[in-house]
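Okay, so here's the structure we're looking at.
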Amino acid sequence: MPNPSAPRNNGKQQDPALRRKNFDEVAHTFTKEEALAEADRCLHCPTHPCQNACPVGVHIPDFIAFIKAGDAGAAVSEIMKTSLLPAICGRVCPQEKHCEGHCVLKAKFGAVNIGGLERYAADTARAEGALKPPVPAASTGKKVVCIGSGPSSLACAAELRRAGHDVTVLEALHAYGGVLRYGIPSFRLPREVINKEVQTVQDMGVKFKTDVLVGATIKLDELLKEYDAVYIGSGAGLPMMLGIPGENGVGVYSANEFLTRINLMQAYKFPQTDTPVQVGKHVVVLGGGNSAMDAARCAMRLQPETVTIAYRRSREEMPARAAEVEHAQEEGIQFEYLVTPKEILQDEQGRVTGIRFTRNQLGEPDERGRRRPVEIPGSDFVQPADTVITAIGQRPNPTIAKTTPALKTTERGVIALNEKGETSMPGVYAGGDIIRGGATVLLAMNDGIAAAGRINEYLKGK
């Protein structure tokens with residue numbers, strides 16, 4: 001019988017005093033005993049509210065049932081019916097907003113740790129040699145290219161290959177994974193996990209090519225001559241700027257640049273690696289999302305005296321995952337709420353010396369339901385800083401759109417889709433951050449899977 005009243009197991013973690021000095025993974029995978037106990041809390045609800053809330057429709061109660069039976073291989077096979085990246089999703093998906101947020105046990109006993117169980121199934125099955133990629137259908141003779149190798153393109157490529165198409169993924173950088181690799185630190189998502197998940201897609205027969213920047217190396221129109229359909233999942237790697245005095249000073253980074261230097265170029269190993277990064281004594285990160293948490297936690301591991309996250313609203317409005325905020329606090333990162341940056345201060349050489357802030361109070365809700373920050377007159381103060389990292393959002397790189405006049409975009413620079421999810425160009429589809437301007441890994445995957453279905457229908461009629 002299930003044991004729903006048993007306490008939720010959040011899993012073991014690396015000690016904060018140790019982990020703030022290294023880039024090793026913070027959270028540990030469940031042991032078999034821990035996984036069995038957590039799986040035993042699941043009621044296998046007949047209405048499956050957790051599954052209904054999953055953007056990619058993972059068969060959650062069914063895969064948990066296989067864990068209960070001690071069969072991690074069957075569990076991960078069940079997950080992979082709809083999601084080919086279980087080890088990644090188990091680690092970085094915001095379960096509290098989706099599956100776990102709708103668990104019937106949440107209010108009284110705490111939601112089943114679905115993310116921890118998904119990770120356990122993937123890691124254990126792979127270690128046991130029981131993780132097998134899906135077998136593609138018979139060849140359709142159709143060729144599709146996916147631009148970018150982030151979660152959206154990986155999901156789309158896997159589904160297209162599952163349907164029997166010849167699929168190629170093009171990556172602008174020298175390593176695969178997109179935002180998974182350059183945006184998420186290894187202490188949250190180890191590089192070997194990304195490598196293994198990409199390998200699963202490769203094992204299905206999807207081909208990968210690096211150092212191909214579509215719009216520069218090759219034009220979209222040229223791809224349409226070689227392939228029957230194109231999927232654009234190139235993400236949103238262009239940082240948004242503050243628009244305040246001093247943001248071009250020495251010591252100001254965008255979160256995109258800072259995280260890419262750390263995660264992709266391994267700047268924390270300099271001079272063993274070629275790319276340096278310097279943070280000085282005092283670091284201030286501007287923003288309240290997951291990228292802000294990642295940047296602050298990376299900066300802390302470079303051993304400054306202080307790291308502070310400054311956010312315009314209160315803790316309740318902060319969009320970052322609760323677990324990431326808690327981890328940041330455990331690691332000694334300070335938080336300054338209800339403040340708006342007005343100017344980045346510099347010395348005679350243009351080096352950052354501090355930030356002038358104005359304090360806020362919360363006003364009426366905005367269009368997204370969050371209360372607007374309203375500045376308090378006369379509340380200015382200066383926060384000392386040697387390094388400022390801006391993490392206030394990102395937008396798509398315009399390279400593809402600028403070199404493809406027929407491809408329509410919105411005022412925000414994202415690719416425009418019609419009510420059927422199609423771009424303005426026949427045979428060209430898009431998803432993930434390139435249409436959203438910024439989203440979670442799971443929503444990006446959902447876009448890729450949905451687009452794969454549309455591409456399948458398009459190719460049937462071609």
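Each chain in the structure tokens gets a letter, A, B, ..., in the order shown, and its residues are numbered from 1; ligands are numbered from 1 in order too.
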Show me, as a ChimeraX atom specification, the residues that have an atom within 10 Å of A:Thr399 when counting only C-alpha atoms, minus same-chain residues fewer than 5 positions from it. /A:213-216,219,404
Could those residues be written to a file, using all heavy atoms, as a PDB file, in the first residue's frame?
ATOM      1  N   LEU A 213      26.915  28.828 -38.031  1.00  0.00           N
ATOM      2  CA  LEU A 213      26.064  29.944 -37.628  1.00  0.00           C
ATOM      3  C   LEU A 213      25.135  30.274 -38.790  1.00  0.00           C
ATOM      4  O   LEU A 213      25.542  30.907 -39.774  1.00  0.00           O
ATOM      5  CB  LEU A 213      26.915  31.159 -37.256  1.00  0.00           C
ATOM      6  CG  LEU A 213      26.149  32.426 -36.855  1.00  0.00           C
ATOM      7  CD1 LEU A 213      25.258  32.158 -35.657  1.00  0.00           C
ATOM      8  CD2 LEU A 213      27.117  33.568 -36.568  1.00  0.00           C
ATOM      9  N   VAL A 214      23.899  29.812 -38.690  1.00  0.00           N
ATOM     10  CA  VAL A 214      22.944  30.050 -39.769  1.00  0.00           C
ATOM     11  C   VAL A 214      22.652  31.543 -39.855  1.00  0.00           C
ATOM     12  O   VAL A 214      22.383  32.211 -38.857  1.00  0.00           O
ATOM     13  CB  VAL A 214      21.649  29.252 -39.527  1.00  0.00           C
ATOM     14  CG1 VAL A 214      20.615  29.571 -40.609  1.00  0.00           C
ATOM     15  CG2 VAL A 214      21.955  27.757 -39.512  1.00  0.00           C
ATOM     16  N   GLY A 215      22.722  32.046 -41.070  1.00  0.00           N
ATOM     17  CA  GLY A 215      22.619  33.483 -41.306  1.00  0.00           C
ATOM     18  C   GLY A 215      23.966  34.078 -41.652  1.00  0.00           C
ATOM     19  O   GLY A 215      24.040  35.137 -42.259  1.00  0.00           O
ATOM     20  N   ALA A 216      25.037  33.373 -41.272  1.00  0.00           N
ATOM     21  CA  ALA A 216      26.397  33.827 -41.585  1.00  0.00           C
ATOM     22  C   ALA A 216      27.143  32.731 -42.339  1.00  0.00           C
ATOM     23  O   ALA A 216      27.551  32.912 -43.488  1.00  0.00           O
ATOM     24  CB  ALA A 216      27.139  34.205 -40.315  1.00  0.00           C
ATOM     25  N   LYS A 219      22.962  30.503 -45.259  1.00  0.00           N
ATOM     26  CA  LYS A 219      21.695  31.228 -45.168  1.00  0.00           C
ATOM     27  C   LYS A 219      20.526  30.240 -45.049  1.00  0.00           C
ATOM     28  O   LYS A 219      20.592  29.103 -45.501  1.00  0.00           O
ATOM     29  CB  LYS A 219      21.490  32.117 -46.399  1.00  0.00           C
ATOM     30  CG  LYS A 219      22.585  33.158 -46.607  1.00  0.00           C
ATOM     31  CD  LYS A 219      22.611  34.194 -45.495  1.00  0.00           C
ATOM     32  CE  LYS A 219      23.511  35.384 -45.860  1.00  0.00           C
ATOM     33  NZ  LYS A 219      24.933  35.020 -46.037  1.00  0.00           N
ATOM     34  N   THR A 404      17.198  36.932 -43.675  1.00  0.00           N
ATOM     35  CA  THR A 404      16.070  36.229 -44.301  1.00  0.00           C
ATOM     36  C   THR A 404      14.866  37.167 -44.303  1.00  0.00           C
ATOM     37  O   THR A 404      14.004  37.108 -43.411  1.00  0.00           O
ATOM     38  CB  THR A 404      15.728  34.935 -43.529  1.00  0.00           C
ATOM     39  OG1 THR A 404      16.922  34.223 -43.219  1.00  0.00           O
ATOM     40  CG2 THR A 404      14.804  34.039 -44.350  1.00  0.00           C
TER      41      THR A 404
END
Which neighbours of A:Ala236 fall inside 12 Å, counting only C-alpha atoms, when residues of the same chain fewer than 4 positions from it are skipped, and could you give them as a count of residues only? 32
Which of stretch 44-194 of chain A end up as helix (DSSP H, G or I) when DSSP is run on this backbone - answer as a VMD selection string? chain A and resid 49 to 52 60 to 68 72 to 79 86 to 92 95 to 97 100 to 102 114 to 127 151 to 162 179 to 182 191 to 194
Quick one: of A:Arg261, A:Arg359, A:Lys32, A:Lys68, who's nearest to A:Gly11, counting only C-alpha atoms?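 That would be A:Lys32, the residue with the smallest distance to A:Gly11.
Between A:Thr353 and the candidates A:Asp166, A:Asp386, A:Asp221, A:Asp211, the tightest atom-to-atom separation, counting only C-alpha atoms, involves A:Asp386.
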